[in-house]
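What follows is the content of upload.txt (compact mmCIF, C-alpha atoms).
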```txt
# COMPACT_ATOMS: atom_id res chain seq x y z
CA MET A 288 -6.33 16.55 12.67
CA ARG A 289 -5.30 18.60 15.66
CA ARG A 290 -2.78 18.33 18.47
CA LEU A 291 -4.42 19.12 21.79
CA ALA A 292 -2.47 19.83 24.95
CA CYS A 293 -3.88 17.62 27.75
CA PRO A 294 -3.39 17.40 31.49
CA GLU A 295 -1.68 14.16 32.44
CA ARG A 296 -3.46 11.69 34.67
CA ASP A 297 -1.56 11.96 37.93
CA ASP A 298 -1.63 8.17 38.38
CA TRP A 299 -0.81 7.07 34.83
CA ARG A 300 2.54 5.53 35.78
CA VAL A 301 0.93 3.35 38.41
CA THR A 302 -1.83 2.41 35.97
CA ALA A 303 0.78 1.55 33.35
CA GLU A 304 2.78 -0.63 35.69
CA GLN A 305 -0.34 -2.41 36.92
CA ALA A 306 -1.15 -3.19 33.29
CA GLY A 307 2.34 -4.58 32.67
CA PHE A 308 3.39 -1.58 30.57
CA ASP A 309 6.92 -1.55 31.97
CA PHE A 310 8.53 0.37 29.14
CA HIS A 311 6.51 3.59 29.45
CA THR A 312 9.82 5.32 30.18
CA ILE A 313 12.96 4.21 28.33
CA ASP A 314 16.44 5.21 29.51
CA GLY A 315 14.89 7.87 31.71
CA GLU A 316 12.99 9.48 28.82
CA ARG A 317 9.25 9.43 28.29
CA TYR A 318 8.06 6.91 25.77
CA TRP A 319 4.37 7.14 26.67
CA ASP A 320 3.46 10.82 26.52
CA GLU A 321 -0.07 12.03 27.35
CA ARG A 322 0.77 15.69 27.73
CA ALA A 323 -0.96 16.00 24.39
CA CYS A 324 -3.20 13.90 22.20
CA TYR A 325 -4.11 14.01 18.54
CA ALA A 326 -7.74 14.58 17.65
CA PHE A 327 -9.32 13.41 14.42
CA THR A 328 -12.74 13.68 12.90
CA LEU A 329 -14.59 10.48 12.08
CA ASP A 330 -14.36 11.39 8.41
CA GLU A 331 -10.58 11.72 8.63
CA ILE A 332 -10.35 8.30 10.21
CA GLU A 333 -12.76 6.50 7.92
CA ARG A 334 -12.00 8.10 4.57
CA GLN A 335 -8.43 9.23 4.92
CA ILE A 336 -6.80 6.56 7.08
CA GLU A 337 -8.94 3.41 7.29
CA ALA A 338 -9.92 3.21 3.60
CA PRO A 339 -6.41 4.00 2.27
CA THR A 340 -4.93 1.46 4.68
CA ALA A 341 -7.15 -1.26 3.22
CA GLU A 342 -6.27 -0.14 -0.28
CA ILE A 343 -2.53 -0.11 0.40
CA ASP A 344 -2.78 -3.59 1.92
CA ALA A 345 -4.57 -4.82 -1.20
CA MET A 346 -1.84 -3.29 -3.37
CA CYS A 347 0.79 -4.96 -1.22
CA LEU A 348 -0.85 -8.34 -1.75
CA GLU A 349 -0.86 -7.73 -5.50
CA LEU A 350 2.82 -6.91 -5.27
CA VAL A 351 3.56 -10.14 -3.38
CA ALA A 352 1.56 -12.16 -5.92
CA ARG A 353 3.65 -10.66 -8.69
CA ALA A 354 7.04 -10.88 -6.96
CA ILE A 355 6.69 -14.28 -5.37
CA ASP A 356 7.88 -16.29 -8.36
CA ASP A 357 9.66 -13.53 -10.24
CA GLU A 358 13.41 -13.98 -9.92
CA GLY A 359 14.10 -10.49 -11.21
CA LEU A 360 11.98 -8.83 -8.53
CA LEU A 361 13.30 -11.05 -5.74
CA ARG A 362 16.82 -10.09 -6.79
CA ARG A 363 15.93 -6.40 -6.74
CA LEU A 364 14.63 -6.90 -3.21
CA LYS A 365 17.98 -8.51 -2.28
CA ILE A 366 16.28 -11.58 -0.86
CA PRO A 367 18.82 -14.41 -0.80
CA GLU A 368 18.06 -16.97 -3.48
CA ALA A 369 18.24 -19.87 -1.03
CA PHE A 370 15.01 -18.64 0.59
CA TRP A 371 12.91 -18.08 -2.53
CA PRO A 372 11.28 -21.54 -2.32
CA LEU A 373 10.44 -21.06 1.38
CA ILE A 374 8.85 -17.69 0.64
CA SER A 375 6.99 -18.94 -2.41
CA GLU A 376 5.63 -22.04 -0.66
CA SER A 377 4.33 -20.01 2.27
CA TRP A 378 2.41 -17.79 -0.15
CA HIS A 379 0.99 -20.64 -2.20
CA ARG A 380 -0.08 -22.39 1.01
CA ASP A 381 -2.01 -19.24 1.97
CA GLU A 382 -0.20 -18.95 5.29
CA LEU A 383 -2.02 -16.31 7.29
CA SER A 384 -0.68 -12.97 8.41
CA LEU A 385 -1.43 -11.86 11.95
CA TYR A 386 -0.59 -8.19 11.76
CA GLY A 387 1.26 -5.28 10.28
CA ARG A 388 1.60 -1.53 10.67
CA LEU A 389 1.68 1.04 7.90
CA ASP A 390 3.58 4.20 8.72
CA LEU A 391 1.84 7.15 7.13
CA SER A 392 2.47 10.82 6.76
CA PHE A 393 -0.83 12.60 7.28
CA ASP A 394 -1.76 16.14 8.18
CA GLY A 395 -5.54 16.08 7.81
CA ARG A 396 -5.43 18.15 4.63
CA GLY A 397 -3.98 16.02 1.85
CA PRO A 398 -4.10 12.25 1.37
CA ALA A 399 -2.14 10.02 3.72
CA LYS A 400 1.16 8.94 2.19
CA LEU A 401 2.81 5.60 2.81
CA LEU A 402 6.27 6.10 4.28
CA GLU A 403 6.91 2.41 4.87
CA TYR A 404 5.30 -0.83 5.94
CA ASN A 405 6.40 -2.63 9.07
CA ALA A 406 5.03 -5.91 7.81
CA ASP A 407 7.09 -8.38 9.79
CA THR A 408 7.83 -7.37 13.38
CA PRO A 409 5.85 -4.28 14.36
CA THR A 410 5.93 -3.30 18.01
CA SER A 411 3.98 -0.68 20.00
CA ILE A 412 0.90 -2.85 19.69
CA PHE A 413 0.26 -3.17 23.43
CA GLU A 414 0.25 0.56 23.96
CA ALA A 415 -1.87 1.06 20.82
CA ALA A 416 -4.41 -1.65 21.68
CA VAL A 417 -4.66 -1.45 25.46
CA PHE A 418 -3.00 1.47 27.20
CA GLN A 419 -4.22 4.02 24.68
CA TRP A 420 -7.77 2.69 25.18
CA THR A 421 -7.38 2.89 28.96
CA TRP A 422 -6.28 6.49 28.52
CA LEU A 423 -9.43 7.27 26.52
CA GLU A 424 -11.73 5.73 29.11
CA GLN A 425 -10.08 7.61 31.95
CA ALA A 426 -9.72 10.80 29.94
CA ILE A 427 -13.49 10.78 29.42
CA GLU A 428 -14.14 10.04 33.11
CA ARG A 429 -11.83 12.85 34.16
CA GLN A 430 -13.14 15.25 31.54
CA ILE A 431 -9.80 15.54 29.80
CA VAL A 432 -11.65 14.88 26.53
CA GLU A 433 -15.33 15.22 25.68
CA GLY A 434 -17.75 12.56 26.88
CA ASP A 435 -18.58 11.34 23.39
CA ALA A 436 -14.94 10.94 22.36
CA ASP A 437 -14.06 7.69 20.61
CA GLN A 438 -10.96 6.01 19.26
CA PHE A 439 -10.06 4.09 16.11
CA ASN A 440 -9.16 0.95 17.97
CA SER A 441 -10.46 -2.59 17.79
CA ILE A 442 -6.96 -4.08 17.72
CA HIS A 443 -7.42 -6.23 20.82
CA GLU A 444 -10.63 -7.92 19.71
CA ARG A 445 -9.32 -8.49 16.20
CA LEU A 446 -6.11 -10.02 17.51
CA ILE A 447 -8.10 -12.59 19.45
CA ASP A 448 -10.19 -13.37 16.37
CA ALA A 449 -7.07 -13.71 14.26
CA TRP A 450 -5.42 -16.06 16.77
CA ARG A 451 -8.55 -18.22 16.66
CA LYS A 452 -8.06 -18.63 12.91
CA LEU A 453 -4.35 -19.26 13.25
CA GLY A 454 -4.80 -21.67 16.12
CA GLN A 455 -7.27 -24.02 14.51
CA GLY A 456 -5.66 -27.42 14.97
CA LYS A 457 -6.63 -30.89 13.96
CA LEU A 458 -9.42 -32.62 15.86
CA GLY A 459 -10.21 -29.48 17.79
CA GLN A 460 -7.11 -29.84 19.96
CA PRO A 461 -5.71 -26.52 21.17
CA ARG A 462 -2.46 -25.83 19.36
CA LEU A 463 0.74 -25.02 21.16
CA LEU A 464 2.02 -21.63 20.04
CA HIS A 465 5.62 -20.67 20.75
CA LEU A 466 6.32 -16.93 20.90
CA ALA A 467 9.98 -16.19 20.26
CA GLY A 468 11.99 -13.01 20.46
CA THR A 469 14.78 -11.20 22.25
CA THR A 470 13.25 -11.65 25.67
CA ASP A 471 15.86 -9.63 27.56
CA ASN A 472 14.64 -6.52 25.77
CA ILE A 473 11.89 -4.93 27.82
CA GLU A 474 9.90 -3.65 24.84
CA ASP A 475 9.99 -6.92 22.94
CA ALA A 476 9.25 -8.89 26.11
CA GLY A 477 6.22 -6.65 26.72
CA THR A 478 5.02 -7.10 23.14
CA LEU A 479 5.43 -10.87 23.35
CA ALA A 480 3.62 -11.01 26.69
CA TYR A 481 0.69 -9.07 25.28
CA LEU A 482 0.43 -11.17 22.15
CA GLU A 483 0.70 -14.30 24.28
CA ASP A 484 -2.20 -13.06 26.39
CA THR A 485 -4.38 -12.48 23.32
CA ALA A 486 -3.47 -15.91 21.95
CA ARG A 487 -4.47 -17.54 25.25
CA GLN A 488 -7.75 -15.69 25.17
CA ALA A 489 -8.27 -17.26 21.76
CA GLY A 490 -7.79 -20.70 23.27
CA LEU A 491 -4.23 -21.48 22.27
CA GLN A 492 -1.68 -23.04 24.56
CA THR A 493 1.41 -20.85 24.62
CA SER A 494 5.06 -20.91 25.51
CA LEU A 495 7.52 -18.01 25.47
CA ILE A 496 11.05 -18.68 24.29
CA ASP A 497 14.09 -16.57 23.62
CA VAL A 498 15.00 -16.81 19.97
CA GLU A 499 18.50 -17.97 20.99
CA ASP A 500 16.96 -20.92 22.84
CA ILE A 501 15.35 -22.41 19.77
CA GLY A 502 17.02 -25.75 19.21
CA TRP A 503 17.52 -27.85 16.14
CA ARG A 504 17.09 -31.56 16.53
CA ASP A 505 19.29 -33.49 14.20
CA ASP A 506 16.41 -35.59 12.98
CA GLY A 507 15.00 -32.41 11.46
CA GLY A 508 12.93 -29.86 13.30
CA PHE A 509 13.01 -26.92 15.66
CA VAL A 510 12.43 -27.65 19.35
CA ASP A 511 12.18 -25.68 22.57
CA LEU A 512 14.24 -26.18 25.72
CA ASP A 513 11.85 -28.92 26.84
CA ASN A 514 12.40 -30.68 23.56
CA ARG A 515 8.90 -29.99 22.36
CA GLU A 516 8.41 -29.64 18.64
CA ILE A 517 7.89 -26.03 17.52
CA GLU A 518 4.96 -26.42 15.16
CA LEU A 519 3.49 -22.93 15.25
CA ALA A 520 5.72 -20.01 16.15
CA PHE A 521 5.21 -16.29 16.39
CA LYS A 522 8.57 -14.57 16.00
CA LEU A 523 9.38 -11.01 16.94
CA TYR A 524 12.60 -11.32 15.04
CA PRO A 525 12.93 -10.20 11.43
CA TRP A 526 13.10 -12.56 8.50
CA GLU A 527 16.18 -10.88 7.10
CA TRP A 528 18.02 -11.73 10.32
CA MET A 529 16.71 -15.29 10.34
CA PHE A 530 17.90 -15.79 6.77
CA HIS A 531 21.45 -14.87 7.75
CA ASP A 532 21.54 -16.77 11.05
CA ALA A 533 23.22 -20.15 11.38
CA PHE A 534 19.84 -21.89 11.44
CA GLY A 535 18.63 -20.00 8.37
CA GLU A 536 19.52 -22.81 6.02
CA ARG A 537 17.40 -25.17 8.09
CA LEU A 538 14.19 -23.14 7.78
CA ALA A 539 13.18 -24.96 4.63
CA LYS A 540 13.76 -28.37 6.23
CA ALA A 541 11.52 -27.74 9.23
CA ALA A 542 7.76 -28.12 9.42
CA THR A 543 7.40 -25.07 11.68
CA ARG A 544 4.74 -22.63 10.56
CA TRP A 545 5.90 -19.10 11.25
CA ILE A 546 3.95 -15.96 12.05
CA GLU A 547 4.50 -13.65 10.23
CA PRO A 548 4.84 -16.05 7.29
CA PRO A 549 7.96 -15.99 5.09
CA TRP A 550 6.16 -14.19 2.24
CA LYS A 551 6.06 -11.10 4.48
CA ALA A 552 9.81 -10.78 3.78
CA ILE A 553 8.81 -9.23 0.45
CA LEU A 554 6.93 -6.43 2.20
CA SER A 555 9.19 -5.82 5.19
CA ASN A 556 11.74 -4.47 2.80
CA LYS A 557 12.08 -0.88 1.64
CA GLY A 558 12.46 -2.20 -1.90
CA MET A 559 8.71 -2.72 -1.87
CA LEU A 560 8.25 1.07 -2.05
CA PRO A 561 9.69 1.49 -5.58
CA LEU A 562 7.96 -1.70 -6.69
CA LEU A 563 4.60 -0.41 -5.47
CA TRP A 564 5.19 2.89 -7.24
CA GLU A 565 6.08 1.02 -10.42
CA MET A 566 2.85 -1.01 -10.23
CA PHE A 567 0.59 1.82 -9.10
CA PRO A 568 2.13 5.04 -10.41
CA ASP A 569 0.56 8.25 -9.19
CA HIS A 570 -1.57 6.51 -6.58
CA PRO A 571 -2.60 9.26 -4.14
CA ASN A 572 -1.42 7.32 -1.08
CA LEU A 573 2.01 6.43 -2.47
CA LEU A 574 5.12 8.53 -2.82
CA PRO A 575 7.34 8.30 -5.89
CA ALA A 576 10.17 5.92 -5.08
CA TYR A 577 13.01 4.29 -7.00
CA PHE A 578 15.92 2.00 -6.36
CA GLU A 579 19.02 4.13 -6.10
CA ASP A 580 20.66 2.36 -9.03
CA ASP A 581 17.62 3.02 -11.25
CA PRO A 582 18.24 5.91 -13.69
CA ASN A 583 14.62 6.99 -13.07
CA CYS A 584 15.80 8.03 -9.62
CA ALA A 585 16.78 11.35 -11.22
CA ARG A 586 13.05 12.15 -11.49
CA LEU A 587 13.06 12.88 -7.77
CA GLY A 588 15.44 15.77 -8.32
CA ALA A 589 17.65 16.97 -5.50
CA SER A 590 15.16 16.46 -2.65
CA TYR A 591 14.42 12.98 -1.40
CA VAL A 592 14.66 10.53 1.49
CA ARG A 593 17.34 7.88 1.23
CA LYS A 594 16.53 4.59 2.93
CA PRO A 595 18.50 1.34 3.13
CA ILE A 596 16.68 -1.64 1.62
CA TYR A 597 16.93 -3.20 5.07
CA SER A 598 16.95 -1.02 8.14
CA ARG A 599 15.16 -0.70 11.43
CA GLU A 600 13.72 2.19 13.38
CA GLY A 601 15.00 5.02 11.26
CA ALA A 602 18.62 3.84 11.20
CA ASN A 603 20.69 5.01 8.22
CA ILE A 604 17.85 7.13 6.85
CA ALA A 605 18.81 10.52 5.44
CA LEU A 606 16.66 13.49 4.39
CA VAL A 607 18.15 15.38 1.48
CA ARG A 608 16.74 18.76 0.51
CA GLU A 609 18.07 20.54 -2.59
CA GLY A 610 21.10 18.29 -2.53
CA VAL A 611 21.92 18.99 1.10
CA GLU A 612 21.51 16.37 3.81
CA VAL A 613 19.30 18.10 6.36
CA ALA A 614 18.77 15.20 8.76
CA ALA A 615 20.22 11.74 9.11
CA GLN A 616 20.36 8.89 11.56
CA ALA A 617 23.43 6.78 12.01
CA GLY A 618 23.28 3.02 11.92
CA PRO A 619 24.83 -0.19 10.63
CA TYR A 620 22.58 -0.83 7.60
CA GLY A 621 22.92 -0.22 3.89
CA THR A 622 25.05 -3.11 2.62
CA GLU A 623 22.24 -4.30 0.35
CA GLY A 624 21.77 -0.89 -1.24
CA PHE A 625 19.34 2.01 -0.94
CA ILE A 626 16.09 3.32 -2.30
CA ARG A 627 15.07 6.93 -2.67
CA GLN A 628 11.60 8.17 -1.90
CA ALA A 629 10.13 11.59 -2.64
CA LEU A 630 10.46 13.91 0.29
CA ALA A 631 7.11 14.18 2.06
CA PRO A 632 7.84 16.34 5.05
CA LEU A 633 5.91 15.25 8.13
CA PRO A 634 3.41 17.76 9.42
CA LYS A 635 4.60 19.86 12.32
CA PHE A 636 2.42 20.45 15.36
CA ALA A 637 3.90 22.42 18.27
CA ASN A 638 7.36 21.81 16.81
CA GLN A 639 6.82 18.05 16.85
CA TYR A 640 6.61 15.66 13.92
CA PRO A 641 3.94 12.94 14.22
CA VAL A 642 3.87 9.73 12.20
CA ILE A 643 0.63 7.77 11.97
CA GLY A 644 0.85 4.03 12.54
CA SER A 645 -2.15 2.37 10.92
CA TRP A 646 -2.67 -1.18 12.15
CA LEU A 647 -3.86 -4.14 10.16
CA ILE A 648 -4.92 -7.33 11.90
CA ASP A 649 -5.60 -10.21 9.52
CA HIS A 650 -5.70 -7.59 6.73
CA THR A 651 -8.38 -5.50 8.42
CA PRO A 652 -7.52 -1.88 9.27
CA CYS A 653 -8.49 -1.53 12.91
CA GLY A 654 -6.42 0.94 14.86
CA LEU A 655 -4.13 3.87 14.98
CA SER A 656 -1.04 4.85 16.91
CA ILE A 657 1.02 8.01 16.82
CA ARG A 658 4.74 8.38 17.34
CA GLU A 659 6.03 11.90 17.76
CA ASP A 660 9.52 13.32 17.69
CA ALA A 661 11.31 16.66 17.58
CA SER A 662 13.29 15.17 14.68
CA PRO A 663 11.66 14.61 11.27
CA ILE A 664 13.01 11.04 11.35
CA THR A 665 10.99 8.77 13.60
CA GLY A 666 13.24 6.47 15.60
CA ASN A 667 13.31 4.11 18.54
CA THR A 668 13.08 6.94 21.06
CA SER A 669 10.10 8.70 19.48
CA ARG A 670 7.25 9.17 21.95
CA PHE A 671 3.87 7.46 21.77
CA LEU A 672 0.87 9.80 22.04
CA PRO A 673 -2.78 8.76 22.33
CA HIS A 674 -5.50 9.84 19.93
CA ALA A 675 -9.23 10.46 20.07
CA ILE A 676 -12.02 10.89 17.59
CA LEU A 677 -13.79 14.11 18.49
CA MET B 821 8.35 -38.41 8.69
CA MET B 822 11.05 -40.62 7.22
CA GLY B 823 14.46 -39.58 8.35
CA SER B 824 16.93 -40.41 11.02
CA ALA B 825 14.17 -40.15 13.65
CA ALA B 826 12.21 -42.89 11.93
CA VAL B 827 15.34 -44.98 11.58
CA GLY B 828 16.14 -44.31 15.20
CA ALA B 829 12.67 -45.26 16.33
CA VAL B 830 12.92 -48.54 14.48
CA SER B 831 16.43 -49.44 15.43
CA MET B 832 16.48 -48.24 19.04
CA GLY B 833 15.86 -51.76 20.23
CA PHE B 834 19.14 -52.93 18.79
CA VAL B 835 21.41 -50.44 20.44
CA ARG B 836 22.46 -49.83 24.01
CA ARG B 837 20.07 -47.34 25.59
CA ARG B 838 21.35 -44.43 27.60
CA PRO B 839 19.50 -41.43 29.01
CA CYS B 840 19.76 -38.09 27.31
CA PRO B 841 19.91 -34.86 29.33
CA PRO B 842 16.92 -32.51 29.29
CA GLY B 843 16.59 -30.60 26.05
CA THR B 844 18.08 -33.34 23.93
CA VAL B 845 16.71 -36.47 22.35
CA PRO B 846 18.23 -39.84 21.61
CA VAL B 847 19.14 -40.26 17.98
CA VAL B 848 20.80 -43.33 16.55
CA VAL B 849 23.92 -42.51 14.57
CA PRO B 850 26.81 -44.58 13.23
CA GLY B 851 29.42 -45.00 15.95
CA PRO B 852 32.95 -46.39 16.00
CA TYR B 853 33.44 -49.46 13.83
CA GLY B 854 30.08 -48.73 12.18
CA ARG B 855 28.20 -49.83 15.25
CA PRO B 856 24.97 -47.83 15.83
CA VAL B 857 25.05 -45.68 18.96
CA VAL B 858 22.61 -43.32 20.60
CA SER B 859 23.57 -39.67 20.40
CA CYS B 860 21.74 -36.83 22.11
CA GLN B 861 21.66 -34.24 19.41
CA VAL B 862 20.05 -30.88 19.74
CA THR B 863 21.88 -27.71 18.77
CA TYR B 864 20.96 -24.33 20.23
CA GLY B 865 21.92 -20.76 19.46
CA GLY B 866 21.39 -20.89 15.71
CA PHE B 867 19.00 -17.93 15.80
CA GLY B 868 19.57 -14.60 17.46
CA GLY B 869 22.68 -13.51 15.61
CA GLY B 870 21.15 -10.38 14.02
CA PRO B 871 21.82 -7.93 16.85
CA TYR B 872 25.37 -9.24 17.25
CA ARG B 873 26.07 -8.86 13.55
CA PHE B 874 24.79 -5.30 13.41
CA TYR B 875 25.54 -3.93 16.85
CA GLY B 876 28.07 -6.27 18.40
CA HIS B 877 25.75 -7.23 21.24
CA GLY B 878 22.50 -9.08 21.75
CA HIS B 879 20.46 -6.36 23.40
CA LEU B 880 18.96 -4.76 20.32
CA HIS B 881 15.35 -5.73 19.90
CA GLY B 882 13.90 -7.51 16.97
CA GLY B 883 10.67 -5.56 16.88
CA GLY B 884 10.31 -2.26 15.12
```
Written as structure tokens, that's how I'd like the structure from this file.
Amino acid sequence: MRRLACPERDDWRVTAEQAGFDFHTIDGERYWDERACYAFTLDEIERQIEAPTAEIDAMCLELVARAIDDEGLLRRLKIPEAFWPLISESWHRDELSLYGRLDLSFDGRGPAKLLEYNADTPTSIFEAAVFQWTWLEQAIERQIVEGDADQFNSIHERLIDAWRKLGQGKLGQPRLLHLAGTTDNIEDAGTLAYLEDTARQAGLQTSLIDVEDIGWRDDGGFVDLDNREIELAFKLYPWEWMFHDAFGERLAKAATRWIEPPWKAILSNKGMLPLLWEMFPDHPNLLPAYFEDDPNCARLGASYVRKPIYSREGANIALVREGVEVAAQAGPYGTEGFIRQALAPLPKFANQYPVIGSWLIDHTPCGLSIREDASPITGNTSRFLPHAIL
Amino acid sequence: MMGSAAVGAVSMGFVRRRPCPPGTVPVVVPGPYGRPVVSCQVTYGGFGGGPYRFYGHGHLHGGG
């Protein structure tokens, strides 16, 4: 794994805007950054990222199978009891997952380590699937990278295949898929638009809706603003928020099938990290982790990362080294408690810390994205850099 | 589905019809004096509270 300085394409902003990548710059700061790329060998990708990603996903499914009807584990995960039946039923009905992104610490020398799993509402998929691929094609044409360069990236094709499975309706009729999220946010709107495009390519009918515009019809069911039943809905809005919203209590009464399914709430929860470690101790791709109220937490010593059970984009995460907090991000999370994870410092290349995002579509590892930051905590403003297999 | 919609569908013929605005549907509910009436009942805004709860505004995104 290497970080290579690269000349920027002089027209990349125009190319981005033509592709609908409107959030390449956020609040005046670069989000897409092609002044460098990360280079991997094929062996690094296949043996050290792709294979461990599949293995971690399999472990996660074992964890869900164990936790799904275990009141003790669901309590440790701080999942409200009212939603246990919804979560359990979605698992026992084999409701399909569309996607997820593992965040890994990897330096090319030791095994990749799971930092966390964005199992419910991962973003950055458009730039990973499409714009990063466009970069590779043009970088080859313009001799920025070698002519035989490749990329770990079949996200787009696999998304379309996955939508085909999800969209199979009765009697061969195309299903209507609603895609809901916070549509006034440029990044979420871009993600929704991309996923909508892939769903259409798979033959689904689609409709975008702001999550606040979802209606509840008193005869029992969620509807859109045109009063159409919401039967199949992709939501870019986390389960833990849905559970606490006013309509949360109605989730169990509705026939809507959600993507990601409710059982993903078990994995989109930092509490899954200590549970995985408990089930698979000493696994090379896991870091020791414990709930903060677990006496075993002392095994981590005075150096660890403290993470809220629920948090988003690095908020309320603190790095503690030898008892001293060396980095922290502010935020509003932590009410449900914290976990502690062994400190696995991110590798440093040119004074930047990269985190690997390893994508799963329908449980198949199929792509890679890299977020880089001058801070060792990856957050919402961390830059996206392309990668190549050289 | 058996519920108020089914009841409404059956009993709509016995109550005074009135149009419902877009985004709502007619539902038969007990009215004054126990007389069935058509009500247009759809509630909105029950999702989307997360960003307001955590940040006091609705502009935070739900993705991550």
Using all atoms listed in the file and a cut-off of 8 Å, which residues of chain A sit close to chain B? Please list them as a PyMOL selection string.
chain A and resi 405+408-410+468-469+471-472+474-475+498-507+511-514+523-525+528-529+531-535+599-600+619-620+667
Pairwise distance, atom CA of Ser375 of chain A with atom CA of Leu519 of chain A, equals 18.4 Å
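Using all atoms listed in the file, the contacts of Leu633 of chain A at a cut-off of 9 Å, with sequence neighbours closer than 2 positions omitted, comprise A:Ser392, A:Phe393, A:Asp394, A:Ala631, A:Lys635, A:Tyr640, A:Pro641, A:Val642, A:Pro663, A:Ile664.
Here atom CA of Leu672 of chain A stands at a distance of 6.4 Å from atom CA of Trp319 of chain A.
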From atom CA of Ser411 of chain A to atom CA of Ala303 of chain A the spacing works out at 13.9 Å
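Proximity ranking of A:Ala399, A:Ala629, A:Ala436, A:Met559 relative to Ala585 of chain A places A:Ala629 first, based on only C-alpha atoms.
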Quick one: what's the axis-aligned box for segment 443-448 of chain A, all listed atoms, 4 Å on every side, centre and edges in Å to one decimal, as JSON?
```
{"center_x": -8.4, "center_y": -9.8, "center_z": 18.5, "size_x": 12.5, "size_y": 15.1, "size_z": 12.6}
```
Which residues come within 10 Å of Ala306 of chain A, counting all atoms listed in the file, excluding same-chain residues fewer than 4 positions away, as a list in words?
Arg300, Val301, Thr302, Phe413, Val417, Phe418 and Thr421 of chain A
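Non-sequential neighbours of Thr312 of chain A (distance at most 12 Å, separation of 5 or more positions within a chain, only C-alpha atoms) are Trp299, Arg300, Ala303, Glu304, Arg317, Tyr318, Trp319, Asp320, Ile473, Glu474, Thr668, Ser669, Arg670 and Phe671 of chain A.
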Would you output that residue set with C-alpha atoms, as a PDB file, in the coordinates of the input?
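The resulting result.pdb:
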```
ATOM      1  CA  TRP A 299      -0.810   7.070  34.830  1.00  0.00           C
ATOM      2  CA  ARG A 300       2.540   5.530  35.780  1.00  0.00           C
ATOM      3  CA  ALA A 303       0.780   1.550  33.350  1.00  0.00           C
ATOM      4  CA  GLU A 304       2.780  -0.630  35.690  1.00  0.00           C
ATOM      5  CA  ARG A 317       9.250   9.430  28.290  1.00  0.00           C
ATOM      6  CA  TYR A 318       8.060   6.910  25.770  1.00  0.00           C
ATOM      7  CA  TRP A 319       4.370   7.140  26.670  1.00  0.00           C
ATOM      8  CA  ASP A 320       3.460  10.820  26.520  1.00  0.00           C
ATOM      9  CA  ILE A 473      11.890  -4.930  27.820  1.00  0.00           C
ATOM     10  CA  GLU A 474       9.900  -3.650  24.840  1.00  0.00           C
ATOM     11  CA  THR A 668      13.080   6.940  21.060  1.00  0.00           C
ATOM     12  CA  SER A 669      10.100   8.700  19.480  1.00  0.00           C
ATOM     13  CA  ARG A 670       7.250   9.170  21.950  1.00  0.00           C
ATOM     14  CA  PHE A 671       3.870   7.460  21.770  1.00  0.00           C
TER      15      PHE A 671
END
```
Please output segment 849-859 of chain B, rebuilt to include N, CA and C atoms, as a PDB file, in the coordinates of the input.
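The resulting part.pdb:
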```pdb
ATOM      1  N   VAL B 849      22.985 -42.917  15.623  1.00  0.00           N
ATOM      2  CA  VAL B 849      23.920 -42.510  14.570  1.00  0.00           C
ATOM      3  C   VAL B 849      25.012 -43.574  14.450  1.00  0.00           C
ATOM      4  N   PRO B 850      25.707 -43.612  13.347  1.00  0.00           N
ATOM      5  CA  PRO B 850      26.810 -44.580  13.230  1.00  0.00           C
ATOM      6  C   PRO B 850      27.913 -44.249  14.220  1.00  0.00           C
ATOM      7  N   GLY B 851      28.358 -45.217  14.979  1.00  0.00           N
ATOM      8  CA  GLY B 851      29.420 -45.000  15.950  1.00  0.00           C
ATOM      9  C   GLY B 851      30.730 -45.609  15.455  1.00  0.00           C
ATOM     10  N   PRO B 852      31.684 -45.774  16.373  1.00  0.00           N
ATOM     11  CA  PRO B 852      32.950 -46.390  16.000  1.00  0.00           C
ATOM     12  C   PRO B 852      32.730 -47.785  15.420  1.00  0.00           C
ATOM     13  N   TYR B 853      33.503 -48.139  14.484  1.00  0.00           N
ATOM     14  CA  TYR B 853      33.440 -49.460  13.830  1.00  0.00           C
ATOM     15  C   TYR B 853      32.087 -49.679  13.152  1.00  0.00           C
ATOM     16  N   GLY B 854      31.362 -48.594  12.866  1.00  0.00           N
ATOM     17  CA  GLY B 854      30.080 -48.730  12.180  1.00  0.00           C
ATOM     18  C   GLY B 854      28.950 -49.194  13.056  1.00  0.00           C
ATOM     19  N   ARG B 855      29.236 -49.337  14.350  1.00  0.00           N
ATOM     20  CA  ARG B 855      28.200 -49.830  15.250  1.00  0.00           C
ATOM     21  C   ARG B 855      27.227 -48.689  15.566  1.00  0.00           C
ATOM     22  N   PRO B 856      25.899 -48.912  15.511  1.00  0.00           N
ATOM     23  CA  PRO B 856      24.970 -47.830  15.830  1.00  0.00           C
ATOM     24  C   PRO B 856      25.030 -47.464  17.308  1.00  0.00           C
ATOM     25  N   VAL B 857      25.042 -46.158  17.575  1.00  0.00           N
ATOM     26  CA  VAL B 857      25.050 -45.680  18.960  1.00  0.00           C
ATOM     27  C   VAL B 857      23.988 -44.588  19.099  1.00  0.00           C
ATOM     28  N   VAL B 858      23.588 -44.376  20.348  1.00  0.00           N
ATOM     29  CA  VAL B 858      22.610 -43.320  20.600  1.00  0.00           C
ATOM     30  C   VAL B 858      23.362 -42.017  20.888  1.00  0.00           C
ATOM     31  N   SER B 859      22.969 -40.989  20.179  1.00  0.00           N
ATOM     32  CA  SER B 859      23.570 -39.670  20.400  1.00  0.00           C
ATOM     33  C   SER B 859      22.454 -38.702  20.787  1.00  0.00           C
TER      34      SER B 859
END
```
